[in-house]
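The file protein_21.pdb contains PDB, C-alpha atoms:
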ATOM      1  CA  MET R  85     107.963 257.699 271.734  1.00  0.00           C
ATOM      2  CA  PRO R  86     107.082 256.450 268.196  1.00  0.00           C
ATOM      3  CA  LEU R  87     109.053 258.020 265.364  1.00  0.00           C
ATOM      4  CA  GLN R  88     106.045 259.692 263.721  1.00  0.00           C
ATOM      5  CA  ARG R  89     105.024 261.327 266.990  1.00  0.00           C
ATOM      6  CA  ARG R  90     108.596 262.584 267.576  1.00  0.00           C
ATOM      7  CA  GLN R  91     108.662 264.050 264.063  1.00  0.00           C
ATOM      8  CA  MET R  92     105.347 265.816 264.649  1.00  0.00           C
ATOM      9  CA  LEU R  93     106.602 267.120 267.998  1.00  0.00           C
ATOM     10  CA  GLY R  94     109.755 268.427 266.282  1.00  0.00           C
ATOM     11  CA  LEU R  95     107.688 270.253 263.683  1.00  0.00           C
ATOM     12  CA  ALA R  96     105.445 271.723 266.341  1.00  0.00           C
ATOM     13  CA  LEU R  97     108.432 272.926 268.346  1.00  0.00           C
ATOM     14  CA  ALA R  98     109.974 274.545 265.266  1.00  0.00           C
ATOM     15  CA  GLY R  99     107.189 277.129 265.254  1.00  0.00           C
ATOM     16  CA  ALA R 100     107.469 280.284 263.193  1.00  0.00           C
ATOM     17  CA  GLY R 101     110.664 282.045 262.247  1.00  0.00           C
ATOM     18  CA  VAL R 102     114.072 280.423 262.249  1.00  0.00           C
ATOM     19  CA  ALA R 103     114.433 276.744 263.012  1.00  0.00           C
ATOM     20  CA  HIS R 104     117.539 274.637 262.870  1.00  0.00           C
ATOM     21  CA  ALA R 105     117.550 271.268 261.169  1.00  0.00           C
ATOM     22  CA  ARG R 106     119.721 268.466 262.487  1.00  0.00           C
ATOM     23  CA  VAL R 107     122.281 267.491 259.902  1.00  0.00           C
ATOM     24  CA  SER R 108     125.028 264.990 260.527  1.00  0.00           C
ATOM     25  CA  ALA R 109     127.149 265.300 257.402  1.00  0.00           C
ATOM     26  CA  ALA R 110     127.710 267.556 254.437  1.00  0.00           C
ATOM     27  CA  PRO R 111     126.096 266.567 251.145  1.00  0.00           C
ATOM     28  CA  ALA R 112     128.367 264.193 249.221  1.00  0.00           C
ATOM     29  CA  GLU R 113     128.599 266.531 246.223  1.00  0.00           C
ATOM     30  CA  LEU R 114     130.150 269.162 248.505  1.00  0.00           C
ATOM     31  CA  ALA R 115     132.302 266.930 250.700  1.00  0.00           C
ATOM     32  CA  GLU R 116     134.048 265.624 247.594  1.00  0.00           C
ATOM     33  CA  ARG R 117     135.087 269.163 246.603  1.00  0.00           C
ATOM     34  CA  TRP R 118     135.817 270.399 250.134  1.00  0.00           C
ATOM     35  CA  PRO R 119     136.751 267.541 252.515  1.00  0.00           C
ATOM     36  CA  GLN R 120     137.006 269.890 255.535  1.00  0.00           C
ATOM     37  CA  LEU R 121     133.484 271.241 255.029  1.00  0.00           C
ATOM     38  CA  ARG R 122     131.545 272.265 258.128  1.00  0.00           C
ATOM     39  CA  LEU R 123     128.048 273.533 258.796  1.00  0.00           C
ATOM     40  CA  VAL R 124     128.144 277.274 259.502  1.00  0.00           C
ATOM     41  CA  GLY R 125     124.435 277.668 260.271  1.00  0.00           C
ATOM     42  CA  SER R 126     120.927 276.761 259.227  1.00  0.00           C
ATOM     43  CA  GLY R 127     117.448 278.199 259.248  1.00  0.00           C
ATOM     44  CA  ARG R 128     113.982 277.934 257.838  1.00  0.00           C
ATOM     45  CA  LEU R 129     112.268 280.221 255.348  1.00  0.00           C
ATOM     46  CA  ARG R 130     108.562 280.646 255.941  1.00  0.00           C
ATOM     47  CA  TRP R 131     106.001 282.593 253.971  1.00  0.00           C
ATOM     48  CA  PHE R 132     102.750 283.460 255.751  1.00  0.00           C
ATOM     49  CA  GLY R 133     103.609 280.726 258.260  1.00  0.00           C
ATOM     50  CA  LEU R 134     104.102 278.035 255.623  1.00  0.00           C
ATOM     51  CA  ARG R 135     107.449 276.258 255.608  1.00  0.00           C
ATOM     52  CA  ILE R 136     109.025 276.832 252.200  1.00  0.00           C
ATOM     53  CA  VAL R 137     112.655 275.784 252.504  1.00  0.00           C
ATOM     54  CA  ASP R 138     115.243 274.730 255.062  1.00  0.00           C
ATOM     55  CA  ALA R 139     118.556 276.416 254.283  1.00  0.00           C
ATOM     56  CA  ARG R 140     122.035 275.347 255.381  1.00  0.00           C
ATOM     57  CA  LEU R 141     125.261 277.268 254.860  1.00  0.00           C
ATOM     58  CA  TRP R 142     128.441 275.186 254.556  1.00  0.00           C
ATOM     59  CA  ALA R 143     132.066 276.344 254.342  1.00  0.00           C
ATOM     60  CA  PRO R 144     135.479 274.664 254.116  1.00  0.00           C
ATOM     61  CA  GLY R 145     136.873 277.196 256.613  1.00  0.00           C
ATOM     62  CA  PRO R 146     135.798 280.173 258.692  1.00  0.00           C
ATOM     63  CA  LEU R 147     133.113 282.259 256.993  1.00  0.00           C
ATOM     64  CA  SER R 148     132.596 285.931 257.774  1.00  0.00           C
ATOM     65  CA  ALA R 149     129.246 287.648 257.255  1.00  0.00           C
ATOM     66  CA  ALA R 150     131.109 290.874 256.458  1.00  0.00           C
ATOM     67  CA  ASP R 151     133.048 289.609 253.439  1.00  0.00           C
ATOM     68  CA  TRP R 152     131.248 286.459 252.312  1.00  0.00           C
ATOM     69  CA  PRO R 153     131.687 287.258 248.555  1.00  0.00           C
ATOM     70  CA  GLN R 154     135.464 286.747 248.894  1.00  0.00           C
ATOM     71  CA  GLN R 155     135.139 283.318 250.541  1.00  0.00           C
ATOM     72  CA  ALA R 156     134.229 279.757 249.560  1.00  0.00           C
ATOM     73  CA  PHE R 157     130.895 278.351 250.713  1.00  0.00           C
ATOM     74  CA  ALA R 158     127.848 276.366 249.660  1.00  0.00           C
ATOM     75  CA  LEU R 159     124.176 277.029 250.246  1.00  0.00           C
ATOM     76  CA  GLU R 160     121.937 273.982 250.508  1.00  0.00           C
ATOM     77  CA  LEU R 161     118.190 274.511 250.075  1.00  0.00           C
ATOM     78  CA  GLN R 162     115.860 271.671 250.994  1.00  0.00           C
ATOM     79  CA  TYR R 163     112.349 272.386 249.788  1.00  0.00           C
ATOM     80  CA  ALA R 164     109.264 271.659 251.873  1.00  0.00           C
ATOM     81  CA  ARG R 165     106.714 271.968 249.090  1.00  0.00           C
ATOM     82  CA  SER R 166     106.315 271.653 245.344  1.00  0.00           C
ATOM     83  CA  LEU R 167     107.393 274.693 243.335  1.00  0.00           C
ATOM     84  CA  GLU R 168     107.990 275.216 239.631  1.00  0.00           C
ATOM     85  CA  GLY R 169     111.566 275.973 238.620  1.00  0.00           C
ATOM     86  CA  ALA R 170     110.373 278.972 236.604  1.00  0.00           C
ATOM     87  CA  ALA R 171     108.691 280.397 239.734  1.00  0.00           C
ATOM     88  CA  ILE R 172     111.877 279.879 241.766  1.00  0.00           C
ATOM     89  CA  ALA R 173     113.871 281.683 239.075  1.00  0.00           C
ATOM     90  CA  GLN R 174     111.404 284.586 238.919  1.00  0.00           C
ATOM     91  CA  ARG R 175     111.271 284.958 242.705  1.00  0.00           C
ATOM     92  CA  SER R 176     115.080 284.877 242.809  1.00  0.00           C
ATOM     93  CA  LEU R 177     115.221 287.656 240.200  1.00  0.00           C
ATOM     94  CA  ASP R 178     112.695 289.719 242.176  1.00  0.00           C
ATOM     95  CA  GLU R 179     114.854 289.352 245.297  1.00  0.00           C
ATOM     96  CA  MET R 180     117.992 290.244 243.323  1.00  0.00           C
ATOM     97  CA  ARG R 181     116.302 293.431 242.108  1.00  0.00           C
ATOM     98  CA  ARG R 182     115.748 294.387 245.762  1.00  0.00           C
ATOM     99  CA  GLN R 183     119.544 294.351 246.168  1.00  0.00           C
ATOM    100  CA  GLY R 184     120.054 297.109 243.609  1.00  0.00           C
ATOM    101  CA  PRO R 185     119.655 298.182 239.984  1.00  0.00           C
ATOM    102  CA  MET R 186     120.541 295.933 237.058  1.00  0.00           C
ATOM    103  CA  ALA R 187     122.029 296.870 233.710  1.00  0.00           C
ATOM    104  CA  PRO R 188     119.698 296.823 230.687  1.00  0.00           C
ATOM    105  CA  GLY R 189     119.156 293.263 229.461  1.00  0.00           C
ATOM    106  CA  GLN R 190     120.816 291.789 232.535  1.00  0.00           C
ATOM    107  CA  ALA R 191     117.558 290.703 234.184  1.00  0.00           C
ATOM    108  CA  GLU R 192     116.466 288.772 231.082  1.00  0.00           C
ATOM    109  CA  ARG R 193     119.840 287.003 230.756  1.00  0.00           C
ATOM    110  CA  TRP R 194     119.932 286.124 234.445  1.00  0.00           C
ATOM    111  CA  LEU R 195     116.336 284.876 234.414  1.00  0.00           C
ATOM    112  CA  ALA R 196     117.104 282.649 231.428  1.00  0.00           C
ATOM    113  CA  THR R 197     120.165 281.191 233.175  1.00  0.00           C
ATOM    114  CA  MET R 198     118.298 280.581 236.428  1.00  0.00           C
ATOM    115  CA  SER R 199     115.332 279.062 234.585  1.00  0.00           C
ATOM    116  CA  THR R 200     117.565 276.426 233.009  1.00  0.00           C
ATOM    117  CA  THR R 201     119.346 275.727 236.298  1.00  0.00           C
ATOM    118  CA  PHE R 202     116.427 275.551 238.724  1.00  0.00           C
ATOM    119  CA  PRO R 203     114.215 272.482 238.235  1.00  0.00           C
ATOM    120  CA  ASP R 204     110.694 271.951 239.473  1.00  0.00           C
ATOM    121  CA  VAL R 205     110.957 270.780 243.083  1.00  0.00           C
ATOM    122  CA  ARG R 206     108.879 268.683 245.477  1.00  0.00           C
ATOM    123  CA  ASP R 207     108.910 268.267 249.232  1.00  0.00           C
ATOM    124  CA  GLY R 208     112.323 266.947 250.270  1.00  0.00           C
ATOM    125  CA  ASP R 209     114.224 267.926 247.112  1.00  0.00           C
ATOM    126  CA  ARG R 210     117.612 269.610 247.605  1.00  0.00           C
ATOM    127  CA  LEU R 211     119.213 272.307 245.464  1.00  0.00           C
ATOM    128  CA  THR R 212     122.793 273.080 246.431  1.00  0.00           C
ATOM    129  CA  GLY R 213     124.887 275.931 245.055  1.00  0.00           C
ATOM    130  CA  SER R 214     128.610 276.301 245.704  1.00  0.00           C
ATOM    131  CA  TYR R 215     130.450 279.586 245.425  1.00  0.00           C
ATOM    132  CA  GLU R 216     134.105 280.524 245.333  1.00  0.00           C
ATOM    133  CA  ALA R 217     135.447 283.848 244.063  1.00  0.00           C
ATOM    134  CA  GLY R 218     136.995 283.451 240.616  1.00  0.00           C
ATOM    135  CA  VAL R 219     135.419 280.001 240.054  1.00  0.00           C
ATOM    136  CA  PRO R 220     132.098 279.294 238.315  1.00  0.00           C
ATOM    137  CA  ALA R 221     129.214 278.718 240.733  1.00  0.00           C
ATOM    138  CA  ARG R 222     128.129 275.085 240.600  1.00  0.00           C
ATOM    139  CA  PHE R 223     124.650 273.730 241.263  1.00  0.00           C
ATOM    140  CA  HIS R 224     123.490 270.245 242.205  1.00  0.00           C
ATOM    141  CA  PHE R 225     119.971 268.895 242.439  1.00  0.00           C
ATOM    142  CA  ASN R 226     119.442 265.963 244.809  1.00  0.00           C
ATOM    143  CA  GLY R 227     123.172 265.265 244.550  1.00  0.00           C
ATOM    144  CA  GLY R 228     123.400 265.255 240.738  1.00  0.00           C
ATOM    145  CA  PHE R 229     125.206 267.994 238.815  1.00  0.00           C
ATOM    146  CA  ARG R 230     122.730 270.542 237.449  1.00  0.00           C
ATOM    147  CA  GLY R 231     124.905 273.254 235.915  1.00  0.00           C
ATOM    148  CA  GLU R 232     127.365 276.065 236.494  1.00  0.00           C
ATOM    149  CA  TRP R 233     127.326 279.817 236.151  1.00  0.00           C
ATOM    150  CA  ARG R 234     130.408 281.547 234.782  1.00  0.00           C
ATOM    151  CA  ASP R 235     128.825 284.974 235.296  1.00  0.00           C
ATOM    152  CA  ALA R 236     130.391 286.088 238.597  1.00  0.00           C
ATOM    153  CA  ALA R 237     127.935 288.979 239.026  1.00  0.00           C
ATOM    154  CA  LEU R 238     124.957 286.631 238.675  1.00  0.00           C
ATOM    155  CA  ALA R 239     126.398 284.214 241.224  1.00  0.00           C
ATOM    156  CA  ARG R 240     127.194 286.980 243.708  1.00  0.00           C
ATOM    157  CA  GLN R 241     123.715 288.521 243.350  1.00  0.00           C
ATOM    158  CA  PHE R 242     121.970 285.167 243.697  1.00  0.00           C
ATOM    159  CA  PHE R 243     123.776 284.269 246.917  1.00  0.00           C
ATOM    160  CA  ALA R 244     123.251 287.843 248.147  1.00  0.00           C
ATOM    161  CA  ILE R 245     119.519 287.039 248.317  1.00  0.00           C
ATOM    162  CA  TRP R 246     120.364 284.907 251.344  1.00  0.00           C
ATOM    163  CA  LEU R 247     123.648 286.330 252.635  1.00  0.00           C
ATOM    164  CA  ALA R 248     123.796 290.100 252.023  1.00  0.00           C
ATOM    165  CA  PRO R 249     122.770 292.575 254.737  1.00  0.00           C
ATOM    166  CA  GLN R 250     119.978 293.792 252.387  1.00  0.00           C
ATOM    167  CA  THR R 251     118.258 290.380 252.411  1.00  0.00           C
ATOM    168  CA  SER R 252     114.492 290.329 252.831  1.00  0.00           C
ATOM    169  CA  ASP R 253     114.898 287.866 255.743  1.00  0.00           C
ATOM    170  CA  PRO R 254     117.568 289.178 258.155  1.00  0.00           C
ATOM    171  CA  ALA R 255     116.727 286.571 260.814  1.00  0.00           C
ATOM    172  CA  LEU R 256     117.408 283.765 258.363  1.00  0.00           C
ATOM    173  CA  ARG R 257     120.681 285.426 257.315  1.00  0.00           C
ATOM    174  CA  GLU R 258     121.762 285.588 260.939  1.00  0.00           C
ATOM    175  CA  ALA R 259     120.871 281.930 261.451  1.00  0.00           C
ATOM    176  CA  LEU R 260     122.833 280.934 258.333  1.00  0.00           C
ATOM    177  CA  PHE R 261     125.890 282.705 259.719  1.00  0.00           C
ATOM    178  CA  GLY R 262     125.452 280.824 262.986  1.00  0.00           C
ATOM    179  CA  GLY R 263     124.138 283.872 264.847  1.00  0.00           C
ATOM    180  CA  ARG R 264     127.187 285.973 263.933  1.00  0.00           C
ATOM    181  CA  ALA R 265     125.725 288.206 261.218  1.00  0.00           C
TER     182      ALA R 265
END

Would you mind writing the structure in this file as structure tokens?
Amino acid sequence: MPLQRRQMLGLALAGAGVAHARVSAAPAELAERWPQLRLVGSGRLRWFGLRIVDARLWAPGPLSAADWPQQAFALELQYARSLEGAAIAQRSLDEMRRQGPMAPGQAERWLATMSTTFPDVRDGDRLTGSYEAGVPARFHFNGGFRGEWRDAALARQFFAIWLAPQTSDPALREALFGGRA
């Protein structure tokens, strides 16, 4: 079967909801930091049926859905369409607000930080964030260093968008935790 036809068949089989992407190795920017890195789970975020992003959760050891904020992990987001970095930052802030109230001025500071970290993306671009309690969150874009966040509350709230029980996409959360959420 020609490659293009197999790719189209794979997309058709993915359908709506959660889909798992085949990945053979961890991104180099993560493997360098954590040589024992393994894929915990993966899934696809859709909006009105449109594929937005394929997400993969990586960890250097076992990762528990119950206490993820105390563990080391990385979230890799591979975009399927063009989006402005400012729109990604605003949507992230909106999702963070769903998690709970923010202190006065916090939303503006967090939006400014995310706006400088998140670039405009196109189909195929990867944004990877690594998290470890007590260590600044680090972000890479297509393998190159993009920035770090020293604000632990910001990092925790950002990753909570994807990993906390209050996420707006519980099926994706479960897929990221390998069906163990």

The PyMOL selection byres ((chain R and resi 162) around 12) - which residues does that actually catch in the file I just gave you? List them as an mmCIF file with C-alpha atoms, in the coordinates of the input.
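As written to disk, expr18.cif reads:
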data_model
loop_
_atom_site.group_PDB
_atom_site.id
_atom_site.type_symbol
_atom_site.label_atom_id
_atom_site.label_comp_id
_atom_site.auth_asym_id
_atom_site.auth_seq_id
_atom_site.Cartn_x
_atom_site.Cartn_y
_atom_site.Cartn_z
ATOM 1 C CA ALA R 105 117.550 271.268 261.169
ATOM 2 C CA VAL R 107 122.281 267.491 259.902
ATOM 3 C CA PRO R 111 126.096 266.567 251.145
ATOM 4 C CA SER R 126 120.927 276.761 259.227
ATOM 5 C CA GLY R 127 117.448 278.199 259.248
ATOM 6 C CA ARG R 128 113.982 277.934 257.838
ATOM 7 C CA LEU R 129 112.268 280.221 255.348
ATOM 8 C CA ARG R 135 107.449 276.258 255.608
ATOM 9 C CA ILE R 136 109.025 276.832 252.200
ATOM 10 C CA VAL R 137 112.655 275.784 252.504
ATOM 11 C CA ASP R 138 115.243 274.730 255.062
ATOM 12 C CA ALA R 139 118.556 276.416 254.283
ATOM 13 C CA ARG R 140 122.035 275.347 255.381
ATOM 14 C CA LEU R 141 125.261 277.268 254.860
ATOM 15 C CA LEU R 159 124.176 277.029 250.246
ATOM 16 C CA GLU R 160 121.937 273.982 250.508
ATOM 17 C CA LEU R 161 118.190 274.511 250.075
ATOM 18 C CA TYR R 163 112.349 272.386 249.788
ATOM 19 C CA ALA R 164 109.264 271.659 251.873
ATOM 20 C CA ARG R 165 106.714 271.968 249.090
ATOM 21 C CA SER R 166 106.315 271.653 245.344
ATOM 22 C CA LEU R 167 107.393 274.693 243.335
ATOM 23 C CA VAL R 205 110.957 270.780 243.083
ATOM 24 C CA ARG R 206 108.879 268.683 245.477
ATOM 25 C CA ASP R 207 108.910 268.267 249.232
ATOM 26 C CA GLY R 208 112.323 266.947 250.270
ATOM 27 C CA ASP R 209 114.224 267.926 247.112
ATOM 28 C CA ARG R 210 117.612 269.610 247.605
ATOM 29 C CA LEU R 211 119.213 272.307 245.464
ATOM 30 C CA THR R 212 122.793 273.080 246.431
ATOM 31 C CA GLY R 213 124.887 275.931 245.055
ATOM 32 C CA HIS R 224 123.490 270.245 242.205
ATOM 33 C CA PHE R 225 119.971 268.895 242.439
ATOM 34 C CA ASN R 226 119.442 265.963 244.809
ATOM 35 C CA GLY R 227 123.172 265.265 244.550
#

Query - Nearest residue to Leu147 (chain R) from the set R:Trp246, R:Trp194, R:Phe223, R:Phe261 (distances using all atoms listed in the file) - result: R:Phe261

Requested in this report: Using the chain letters and numbers from the file, give me the residues hit by the PyMOL selection byres ((chain R and resi 122-125) around 12), as a count of residues only.
Outcome: 48

Query raised in the report: What's the 8 Å shell around region 231-240 of chain R, counting all atoms listed in the file, without same-chain residues fewer than 3 positions away, as a list in words?
Result: Pro153, Trp194, Thr197, Thr201, Tyr215, Ala217, Gly218, Val219, Pro220, Ala221, Arg222, Phe223, His224, Phe243 and Ala244 of chain R

Query raised in the report: CA of Arg117 (chain R) to CA of Gln154 (chain R): how many Å, to one decimal?
Result: 17.7 Å

Report task. Pick out the residues sitting within 9 Å of Gln174 (chain R), and hand them over as a ChimeraX atom specification; count all atoms listed in the file, and ignore anything fewer than 6 positions along from it in its own chain. Result -> /R:195,198-199

Query - Å distance separating CA of Arg193 (chain R) from CA of Leu177 (chain R), one decimal place - result: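 According to the coordinates, CA of Arg193 (chain R) and CA of Leu177 (chain R) are separated by 10.5 Å.
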
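Residue nearest Glu179 (chain R), chosen from R:Glu216, R:Ile245, R:Glu113, R:Pro254 and counting all atoms listed in the file: R:Ile245.
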
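One distance worth recording is that between CA of Ala150 (chain R) and CA of Phe242 (chain R), which is 16.7 Å.
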
Output as lines of an AutoDock Vina configuration file the centre and edge lengths (Å, one decimal) of the box along x, y and z of the file that holds every listed atom of region 242-258 of chain R after adding 6 Å on each side.
center_x = 119.1
center_y = 288.8
center_z = 252.3
size_x = 21.3
size_y = 22.0
size_z = 29.2

Requested in this report: Do a neighbour search on Ala196 (chain R) at 10 Å with all atoms listed in the file, toss out local chain neighbours closer than 6 positions, and write the hits as a PyMOL selection string.
Outcome: chain R and resi 170+173-174+190

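The shortest atom-to-atom distance to Ala248 (chain R), with only C-alpha atoms taken into account, belongs to R:Trp152 out of R:Ala171, R:Trp152, R:Thr200, R:Pro185.
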